[in-house]
file query.cif (mmCIF, C-alpha atoms)
data_start
loop_
_atom_site.group_PDB
_atom_site.id
_atom_site.type_symbol
_atom_site.label_atom_id
_atom_site.label_comp_id
_atom_site.auth_asym_id
_atom_site.auth_seq_id
_atom_site.Cartn_x
_atom_site.Cartn_y
_atom_site.Cartn_z
ATOM 1 C CA MET A 1 0.623 -12.017 18.170
ATOM 2 C CA GLN A 2 3.491 -12.026 15.656
ATOM 3 C CA ASN A 3 7.042 -11.300 16.776
ATOM 4 C CA TYR A 4 8.675 -8.613 14.644
ATOM 5 C CA LEU A 5 12.223 -7.590 13.789
ATOM 6 C CA GLU A 6 12.987 -3.874 13.830
ATOM 7 C CA PHE A 7 15.731 -2.794 11.407
ATOM 8 C CA ASN A 8 17.512 0.521 11.812
ATOM 9 C CA PHE A 9 18.831 1.555 8.377
ATOM 10 C CA LYS A 10 21.322 4.452 8.232
ATOM 11 C CA ILE A 11 21.278 5.922 4.710
ATOM 12 C CA SER A 12 23.745 8.400 3.180
ATOM 13 C CA PRO A 13 22.633 10.447 1.313
ATOM 14 C CA LEU A 14 19.109 10.162 2.671
ATOM 15 C CA GLN A 15 17.168 11.381 -0.406
ATOM 16 C CA PRO A 16 15.925 9.799 -2.617
ATOM 17 C CA TRP A 17 17.389 6.532 -1.323
ATOM 18 C CA ASN A 18 15.109 6.221 1.715
ATOM 19 C CA GLU A 19 12.056 5.863 -0.557
ATOM 20 C CA ILE A 20 13.872 3.517 -2.937
ATOM 21 C CA LEU A 21 15.041 1.339 -0.046
ATOM 22 C CA MET A 22 11.478 1.145 1.308
ATOM 23 C CA ALA A 23 10.214 0.056 -2.119
ATOM 24 C CA GLU A 24 12.791 -2.740 -2.292
ATOM 25 C CA LEU A 25 12.177 -3.830 1.319
ATOM 26 C CA ILE A 26 8.446 -4.165 0.657
ATOM 27 C CA GLN A 27 9.308 -6.700 -2.052
ATOM 28 C CA ILE A 28 10.918 -9.031 0.515
ATOM 29 C CA GLY A 29 8.214 -8.820 3.166
ATOM 30 C CA PHE A 30 8.782 -5.607 5.141
ATOM 31 C CA ASP A 31 5.352 -4.156 5.821
ATOM 32 C CA SER A 32 5.790 -0.868 7.652
ATOM 33 C CA PHE A 33 8.290 1.924 8.177
ATOM 34 C CA THR A 34 9.067 4.959 10.296
ATOM 35 C CA GLU A 35 11.195 7.719 8.826
ATOM 36 C CA GLU A 36 14.154 8.859 10.927
ATOM 37 C CA ILE A 37 16.586 11.792 10.618
ATOM 38 C CA GLU A 38 19.407 9.584 9.304
ATOM 39 C CA GLY A 39 17.387 6.817 7.669
ATOM 40 C CA ILE A 40 14.385 4.590 8.335
ATOM 41 C CA LEU A 41 13.149 1.974 10.764
ATOM 42 C CA GLY A 42 11.722 -1.049 8.941
ATOM 43 C CA TYR A 43 9.601 -3.860 10.352
ATOM 44 C CA ILE A 44 9.165 -7.452 9.204
ATOM 45 C CA GLN A 45 7.623 -10.538 10.794
ATOM 46 C CA LYS A 46 10.447 -12.652 12.206
ATOM 47 C CA ASP A 47 9.344 -15.814 10.381
ATOM 48 C CA LEU A 48 9.318 -13.997 7.016
ATOM 49 C CA PHE A 49 12.844 -12.599 7.242
ATOM 50 C CA ASN A 50 15.628 -13.991 5.075
ATOM 51 C CA GLU A 51 18.980 -12.185 5.409
ATOM 52 C CA ASP A 52 20.231 -13.470 2.048
ATOM 53 C CA GLU A 53 17.231 -11.773 0.382
ATOM 54 C CA LEU A 54 18.042 -8.543 2.215
ATOM 55 C CA LYS A 55 21.712 -8.558 1.221
ATOM 56 C CA SER A 56 20.834 -9.305 -2.421
ATOM 57 C CA LEU A 57 18.742 -6.139 -2.852
ATOM 58 C CA SER A 58 20.073 -4.067 -5.741
ATOM 59 C CA ILE A 59 20.321 -0.876 -3.664
ATOM 60 C CA PHE A 60 23.203 -2.386 -1.657
ATOM 61 C CA GLU A 61 25.207 -2.668 -4.898
ATOM 62 C CA ASN A 62 24.616 0.973 -5.834
ATOM 63 C CA GLU A 63 27.802 2.993 -5.445
ATOM 64 C CA ASN A 64 25.834 6.242 -5.051
ATOM 65 C CA VAL A 65 24.476 5.356 -1.632
ATOM 66 C CA LYS A 66 25.859 3.917 1.593
ATOM 67 C CA ILE A 67 23.543 1.877 3.820
ATOM 68 C CA GLU A 68 24.322 0.371 7.210
ATOM 69 C CA TYR A 69 21.830 -1.535 9.338
ATOM 70 C CA SER A 70 21.314 -3.218 12.674
ATOM 71 C CA PHE A 71 18.258 -5.051 13.944
ATOM 72 C CA GLN A 72 16.595 -6.298 17.097
ATOM 73 C CA GLU A 73 13.675 -8.575 17.890
ATOM 74 C CA MET A 74 10.589 -6.812 19.187
ATOM 75 C CA PRO A 75 8.190 -9.362 20.688
ATOM 76 C CA ASN A 76 4.594 -8.633 21.626
ATOM 77 C CA ILE A 77 4.465 -4.986 20.624
ATOM 78 C CA ASN A 78 1.159 -3.160 20.878
ATOM 79 C CA TRP A 79 1.133 -2.117 17.208
ATOM 80 C CA ASN A 80 -2.088 -0.145 17.600
ATOM 81 C CA GLU A 81 -0.346 2.106 20.105
ATOM 82 C CA GLU A 82 2.836 2.349 18.006
ATOM 83 C CA TRP A 83 1.101 3.388 14.794
ATOM 84 C CA GLU A 84 -1.290 5.685 16.605
ATOM 85 C CA LYS A 85 1.776 7.620 17.750
ATOM 86 C CA ASN A 86 3.207 7.783 14.221
ATOM 87 C CA PHE A 87 0.078 8.191 12.120
ATOM 88 C CA SER A 88 -0.656 11.650 10.745
ATOM 89 C CA PRO A 89 -3.632 12.662 8.563
ATOM 90 C CA ILE A 90 -3.318 12.397 4.787
ATOM 91 C CA ASN A 91 -4.555 15.422 2.833
ATOM 92 C CA ILE A 92 -5.237 14.758 -0.846
ATOM 93 C CA ASP A 93 -5.394 18.016 -2.824
ATOM 94 C CA ASP A 94 -7.355 19.742 -0.032
ATOM 95 C CA LYS A 95 -10.363 17.657 -1.091
ATOM 96 C CA VAL A 96 -10.078 14.354 0.758
ATOM 97 C CA LEU A 97 -8.764 13.858 4.295
ATOM 98 C CA ILE A 98 -7.842 10.436 5.664
ATOM 99 C CA ARG A 99 -7.682 10.782 9.428
ATOM 100 C CA ALA A 100 -8.062 8.905 12.672
ATOM 101 C CA GLU A 101 -10.775 9.593 15.226
ATOM 102 C CA PHE A 102 -8.248 11.355 17.476
ATOM 103 C CA HIS A 103 -7.459 13.926 14.740
ATOM 104 C CA GLU A 104 -9.484 17.093 14.300
ATOM 105 C CA SER A 105 -12.036 17.306 11.504
ATOM 106 C CA VAL A 106 -11.392 19.789 8.674
ATOM 107 C CA PRO A 107 -14.511 21.649 7.457
ATOM 108 C CA GLY A 108 -15.199 21.422 3.735
ATOM 109 C CA MET A 109 -13.153 18.272 3.116
ATOM 110 C CA HIS A 110 -14.474 14.802 2.339
ATOM 111 C CA GLU A 111 -13.296 12.632 5.238
ATOM 112 C CA ILE A 112 -12.418 8.962 5.621
ATOM 113 C CA ILE A 113 -11.931 7.980 9.250
ATOM 114 C CA ILE A 114 -9.757 4.980 10.040
ATOM 115 C CA GLN A 115 -8.211 3.401 13.089
ATOM 116 C CA PRO A 116 -4.542 3.211 12.103
ATOM 117 C CA LYS A 117 -3.092 -0.247 12.563
ATOM 118 C CA MET A 118 0.032 -1.877 11.363
ATOM 119 C CA SER A 119 -1.299 -2.488 7.853
ATOM 120 C CA PHE A 120 -1.168 1.278 7.293
ATOM 121 C CA GLY A 121 2.554 1.983 7.596
ATOM 122 C CA THR A 122 3.912 5.473 7.118
ATOM 123 C CA GLY A 123 5.782 4.368 3.993
ATOM 124 C CA HIS A 124 2.470 3.849 2.196
ATOM 125 C CA HIS A 125 1.198 7.416 2.423
ATOM 126 C CA PRO A 126 2.381 8.474 -1.067
ATOM 127 C CA THR A 127 0.732 5.462 -2.754
ATOM 128 C CA THR A 128 -2.549 5.924 -0.880
ATOM 129 C CA HIS A 129 -2.455 9.573 -1.934
ATOM 130 C CA LEU A 130 -1.901 8.586 -5.577
ATOM 131 C CA MET A 131 -4.717 6.030 -5.586
ATOM 132 C CA ILE A 132 -7.270 8.460 -4.140
ATOM 133 C CA GLN A 133 -6.017 11.195 -6.482
ATOM 134 C CA GLN A 134 -6.715 8.927 -9.461
ATOM 135 C CA MET A 135 -10.065 7.764 -8.061
ATOM 136 C CA MET A 136 -11.280 11.360 -7.685
ATOM 137 C CA GLU A 137 -11.219 11.615 -11.508
ATOM 138 C CA MET A 138 -12.916 8.241 -12.130
ATOM 139 C CA ASP A 139 -16.602 7.417 -12.512
ATOM 140 C CA LEU A 140 -17.216 5.098 -9.544
ATOM 141 C CA LYS A 141 -21.010 5.403 -9.376
ATOM 142 C CA ASP A 142 -22.818 2.029 -9.398
ATOM 143 C CA LYS A 143 -19.568 0.279 -10.416
ATOM 144 C CA LYS A 144 -18.714 -3.185 -9.094
ATOM 145 C CA ILE A 145 -15.303 -2.730 -7.473
ATOM 146 C CA LEU A 146 -12.556 -4.945 -6.045
ATOM 147 C CA ASP A 147 -9.909 -3.611 -3.622
ATOM 148 C CA MET A 148 -7.034 -6.131 -3.625
ATOM 149 C CA GLY A 149 -4.592 -5.975 -0.709
ATOM 150 C CA CYS A 150 -7.069 -3.652 0.963
ATOM 151 C CA GLY A 151 -5.120 -2.978 4.189
ATOM 152 C CA THR A 152 -7.369 -0.600 6.135
ATOM 153 C CA SER A 153 -9.858 -0.547 3.200
ATOM 154 C CA VAL A 154 -9.450 3.207 2.733
ATOM 155 C CA LEU A 155 -9.847 2.801 -1.041
ATOM 156 C CA ALA A 156 -12.879 0.537 -0.771
ATOM 157 C CA ILE A 157 -14.512 2.929 1.696
ATOM 158 C CA TYR A 158 -13.863 5.929 -0.550
ATOM 159 C CA ALA A 159 -15.306 4.066 -3.549
ATOM 160 C CA LYS A 160 -18.464 3.225 -1.612
ATOM 161 C CA GLN A 161 -18.787 6.800 -0.380
ATOM 162 C CA GLN A 162 -18.637 7.951 -4.016
ATOM 163 C CA GLY A 163 -21.609 5.821 -4.991
ATOM 164 C CA ALA A 164 -20.013 2.524 -6.022
ATOM 165 C CA GLY A 165 -22.257 -0.520 -6.117
ATOM 166 C CA ASN A 166 -20.986 -3.827 -4.721
ATOM 167 C CA VAL A 167 -17.464 -3.356 -3.266
ATOM 168 C CA THR A 168 -15.270 -6.339 -2.323
ATOM 169 C CA ALA A 169 -12.097 -5.915 -0.234
ATOM 170 C CA ILE A 170 -9.530 -8.722 0.075
ATOM 171 C CA ASP A 171 -6.320 -8.935 2.119
ATOM 172 C CA ILE A 172 -3.938 -11.739 3.076
ATOM 173 C CA ASP A 173 -3.544 -10.369 6.607
ATOM 174 C CA GLU A 174 -6.143 -11.298 9.262
ATOM 175 C CA TRP A 175 -5.462 -8.066 11.142
ATOM 176 C CA SER A 176 -6.236 -6.051 7.994
ATOM 177 C CA VAL A 177 -9.509 -7.918 7.507
ATOM 178 C CA GLU A 178 -10.625 -7.178 11.065
ATOM 179 C CA ASN A 179 -9.472 -3.569 10.786
ATOM 180 C CA SER A 180 -11.338 -3.218 7.465
ATOM 181 C CA LYS A 181 -14.555 -4.448 9.066
ATOM 182 C CA GLU A 182 -14.143 -1.924 11.885
ATOM 183 C CA ASN A 183 -13.396 0.904 9.448
ATOM 184 C CA ALA A 184 -16.407 0.070 7.255
ATOM 185 C CA VAL A 185 -18.671 0.406 10.305
ATOM 186 C CA ARG A 186 -16.800 3.557 11.378
ATOM 187 C CA ASN A 187 -17.576 5.170 8.007
ATOM 188 C CA GLY A 188 -21.117 3.828 7.675
ATOM 189 C CA VAL A 189 -20.518 1.810 4.499
ATOM 190 C CA GLU A 190 -21.193 -1.800 3.572
ATOM 191 C CA LEU A 191 -18.281 -3.786 2.154
ATOM 192 C CA HIS A 192 -17.795 -7.467 1.367
ATOM 193 C CA ILE A 193 -14.484 -8.205 3.140
ATOM 194 C CA GLU A 194 -12.502 -11.431 2.667
ATOM 195 C CA LEU A 195 -9.264 -12.998 3.885
ATOM 196 C CA GLY A 196 -7.190 -14.258 0.954
ATOM 197 C CA THR A 197 -5.241 -13.493 -2.214
ATOM 198 C CA ALA A 198 -5.921 -13.252 -5.950
ATOM 199 C CA GLU A 199 -6.360 -17.027 -5.839
ATOM 200 C CA ASN A 200 -9.695 -16.384 -4.086
ATOM 201 C CA LEU A 201 -11.082 -14.694 -7.187
ATOM 202 C CA GLY A 202 -13.589 -16.949 -8.892
ATOM 203 C CA LYS A 203 -15.872 -16.210 -11.818
ATOM 204 C CA GLU A 204 -17.291 -12.995 -10.366
ATOM 205 C CA ASN A 205 -16.376 -10.041 -12.584
ATOM 206 C CA PHE A 206 -15.630 -6.414 -11.716
ATOM 207 C CA ASP A 207 -15.838 -3.029 -13.433
ATOM 208 C CA ILE A 208 -12.866 -1.585 -11.509
ATOM 209 C CA ILE A 209 -10.005 -3.306 -9.676
ATOM 210 C CA LEU A 210 -7.841 -1.357 -7.224
ATOM 211 C CA ALA A 211 -4.456 -2.828 -6.284
ATOM 212 C CA ASN A 212 -2.031 -0.862 -4.126
ATOM 213 C CA ILE A 213 0.448 -3.712 -3.648
ATOM 214 C CA ASN A 214 4.129 -4.308 -4.276
ATOM 215 C CA ARG A 215 5.677 -4.885 -7.697
ATOM 216 C CA ASN A 216 6.267 -8.640 -7.443
ATOM 217 C CA ILE A 217 2.699 -9.436 -6.423
ATOM 218 C CA LEU A 218 1.312 -7.178 -9.149
ATOM 219 C CA ILE A 219 3.423 -8.846 -11.844
ATOM 220 C CA SER A 220 2.260 -12.250 -10.633
ATOM 221 C CA ASP A 221 -1.415 -11.343 -10.255
ATOM 222 C CA ILE A 222 -2.179 -8.995 -13.180
ATOM 223 C CA PRO A 223 -3.268 -11.913 -15.442
ATOM 224 C CA THR A 224 -5.720 -12.990 -12.721
ATOM 225 C CA TYR A 225 -7.055 -9.446 -12.348
ATOM 226 C CA VAL A 226 -7.592 -9.228 -16.099
ATOM 227 C CA SER A 227 -9.479 -12.547 -16.091
ATOM 228 C CA VAL A 228 -12.122 -11.088 -13.752
ATOM 229 C CA LEU A 229 -12.173 -7.558 -15.212
ATOM 230 C CA ASN A 230 -15.091 -6.686 -17.487
ATOM 231 C CA ASP A 231 -14.338 -5.533 -21.043
ATOM 232 C CA GLY A 232 -13.789 -1.778 -20.847
ATOM 233 C CA GLY A 233 -13.056 -2.169 -17.152
ATOM 234 C CA GLN A 234 -10.306 -0.284 -15.345
ATOM 235 C CA LEU A 235 -7.320 -1.504 -13.329
ATOM 236 C CA LEU A 236 -5.768 1.072 -10.995
ATOM 237 C CA LEU A 237 -2.317 0.205 -9.645
ATOM 238 C CA SER A 238 0.156 1.665 -7.185
ATOM 239 C CA GLY A 239 2.746 0.440 -4.691
ATOM 240 C CA LEU A 240 5.265 1.020 -7.489
ATOM 241 C CA CYS A 241 8.485 2.969 -7.670
ATOM 242 C CA PHE A 242 9.329 4.771 -10.907
ATOM 243 C CA PHE A 243 11.877 2.090 -11.799
ATOM 244 C CA ASP A 244 9.158 -0.619 -11.658
ATOM 245 C CA VAL A 245 6.959 0.964 -14.315
ATOM 246 C CA ASP A 246 8.511 -0.576 -17.454
ATOM 247 C CA ASP A 247 8.258 -4.109 -16.052
ATOM 248 C CA ILE A 248 4.644 -3.572 -15.005
ATOM 249 C CA LEU A 249 3.643 -2.068 -18.354
ATOM 250 C CA GLU A 250 5.201 -4.986 -20.207
ATOM 251 C CA VAL A 251 2.979 -7.415 -18.281
ATOM 252 C CA CYS A 252 -0.027 -5.143 -18.841
ATOM 253 C CA LYS A 253 0.591 -5.044 -22.579
ATOM 254 C CA GLU A 254 0.823 -8.855 -22.687
ATOM 255 C CA ASN A 255 -2.593 -8.939 -21.019
ATOM 256 C CA LYS A 256 -4.178 -6.424 -23.417
ATOM 257 C CA LEU A 257 -4.341 -3.544 -20.947
ATOM 258 C CA GLU A 258 -3.971 -0.011 -22.268
ATOM 259 C CA LEU A 259 -2.335 2.722 -20.152
ATOM 260 C CA LYS A 260 -4.704 5.665 -19.699
ATOM 261 C CA LYS A 261 -3.024 7.777 -17.006
ATOM 262 C CA GLN A 262 0.246 7.738 -15.067
ATOM 263 C CA ILE A 263 0.948 10.018 -12.105
ATOM 264 C CA GLN A 264 3.893 10.233 -9.723
ATOM 265 C CA ARG A 265 4.439 11.466 -6.162
ATOM 266 C CA GLU A 266 8.013 11.488 -4.877
ATOM 267 C CA GLU A 267 9.445 8.173 -6.142
ATOM 268 C CA TRP A 268 6.046 6.437 -6.229
ATOM 269 C CA VAL A 269 3.835 5.926 -9.277
ATOM 270 C CA SER A 270 0.196 5.059 -9.983
ATOM 271 C CA LEU A 271 -1.031 3.604 -13.281
ATOM 272 C CA LEU A 272 -4.608 3.631 -14.593
ATOM 273 C CA LEU A 273 -5.173 0.972 -17.248
ATOM 274 C CA GLU A 274 -8.170 -0.151 -19.279
ATOM 275 C CA LYS A 275 -9.071 -3.554 -20.653
#

call {"tool": "encode", "arguments": {"input": "query.cif", "output": "structure tokens"}}
result
Amino acid sequence: MQNYLEFNFKISPLQPWNEILMAELIQIGFDSFTEEIEGILGYIQKDLFNEDELKSLSIFENENVKIEYSFQEMPNINWNEEWEKNFSPINIDDKVLIRAEFHESVPGMHEIIIQPKMSFGTGHHPTTHLMIQQMMEMDLKDKKILDMGCGTSVLAIYAKQQGAGNVTAIDIDEWSVENSKENAVRNGVELHIELGTAENLGKENFDIILANINRNILISDIPTYVSVLNDGGQLLLSGLCFFDVDDILEVCKENKLELKKQIQREEWVSLLLEK
């Protein structure tokens, strides 16, 4: 079991800097957050943490916000129990509900049931919401779909529930892969789930690629996604803050991707592109 560092960030003013800080922390390896009254708690694997990277984040140079932090090591935490305490259902436009088994069902809503684990941090709710919101308007039926950085595989499960054909889900985290397998069974869908990164992608092509990942990984991996995306295929992205969009679109343009739809929730953005 990985040892984690817990960071307590005090942020003044809180809004919108809490969301911006989370976006920047994700870029240096933080993978989950809990929102507090005066700031956020952020978590990172001890062996991934580099204090120079933390101190070099642009938000610490911004004169409009003051951030103080302290941290402590948290060995051998039962993350299932921690996130179960913090996880609340996600309601997307009163049409789709992402909930855990211990939450009550809501009549009339399409439901995805997951066991919340660490891969599904509270800071990711807005991006999950955006991805599902975009997917509700897409034609997923019989499409061959890839969910990159699948986490709990919520997106892959939803795609399969909406009639998608072959759905592949890939994540770099072993815990996410195991959780994805459990969640696929929990929702009665069949997924092809792999441990790995974009480097695992071979010559198999896809009609739709879903990637709810951080900015740096997206910029690095978009050319690879395009190489396995069918002509006319769609790439749906999130994990982005509004200030990341120009950089992402520049890479997309270089790779002959055309922006079809952009939506925003709080500081987070989702982009639908077509090859």

call {"tool": "closest_residue", "arguments": {"input": "query.cif", "among": "A:Met138, A:Ile113, A:Leu272, A:Ile28", "to": "Lys55 in chain A", "atoms": "all atoms listed in the file"}}
result
A:Ile28

call {"tool": "residues_around", "arguments": {"input": "query.cif", "residues": "Leu235 in chain A", "least_positions_apart": "4", "cutoff": "7 Å", "atoms": "only C-alpha atoms", "output": "list in words"}}
result
Ile208, Ile209, Leu210, Leu272, Leu273 and Glu274 of chain A

call {"tool": "closest_residue", "arguments": {"input": "query.cif", "among": "A:Lys144, A:Lys260, A:His103, A:His192", "to": "Leu229 in chain A", "atoms": "only C-alpha atoms"}}
result
A:Lys144

call {"tool": "residues_near_point", "arguments": {"input": "query.cif", "point": "(-16.4, -1.4, 3.4)", "cutoff": "6 Å", "atoms": "only C-alpha atoms", "output": "list in words"}}
result
Ala156, Ile157, Ala184, Val189, Glu190 and Leu191 of chain A

call {"tool": "residues_around", "arguments": {"input": "query.cif", "residues": "Gly239 in chain A", "least_positions_apart": "2", "cutoff": "8 Å", "atoms": "all atoms listed in the file", "output": "ChimeraX atom specification"}}
result
/A:23,124,127,212-215,237,241,268-270

call {"tool": "residues_around", "arguments": {"input": "query.cif", "residues": "range 64-69 of chain A", "least_positions_apart": "6", "cutoff": "12 Å", "atoms": "only C-alpha atoms", "output": "number ranges by chain"}}
result
A: 6-18, 20-21, 38-42, 51, 54-55, 57-58

call {"tool": "residues_around", "arguments": {"input": "query.cif", "residues": "range 164-180 of chain A", "least_positions_apart": "6", "cutoff": "6 Å", "atoms": "only C-alpha atoms", "output": "list in words"}}
result
Leu140, Lys141, Asp142, Lys143, Lys144, Ile145, Leu146, Asp147, Met148, Gly149, Cys150, Gly151, Thr152, Ser153, Leu191, His192, Ile193, Glu194, Leu195, Gly196 and Thr197 of chain A

call {"tool": "closest_residue", "arguments": {"input": "query.cif", "among": "A:Glu19, A:Glu35, A:Asp244, A:Glu199", "to": "Glu267 in chain A", "atoms": "all atoms listed in the file"}}
result
A:Glu19

call {"tool": "closest_residue", "arguments": {"input": "query.cif", "among": "A:Phe33, A:Leu5, A:Leu218, A:Gln27", "to": "Lys46 in chain A", "atoms": "only C-alpha atoms"}}
result
A:Leu5

call {"tool": "atom_distance", "arguments": {"input": "query.cif", "atom1": "CA of Lys203 in chain A", "atom2": "CA of Tyr225 in chain A"}}
result
11.1 Å
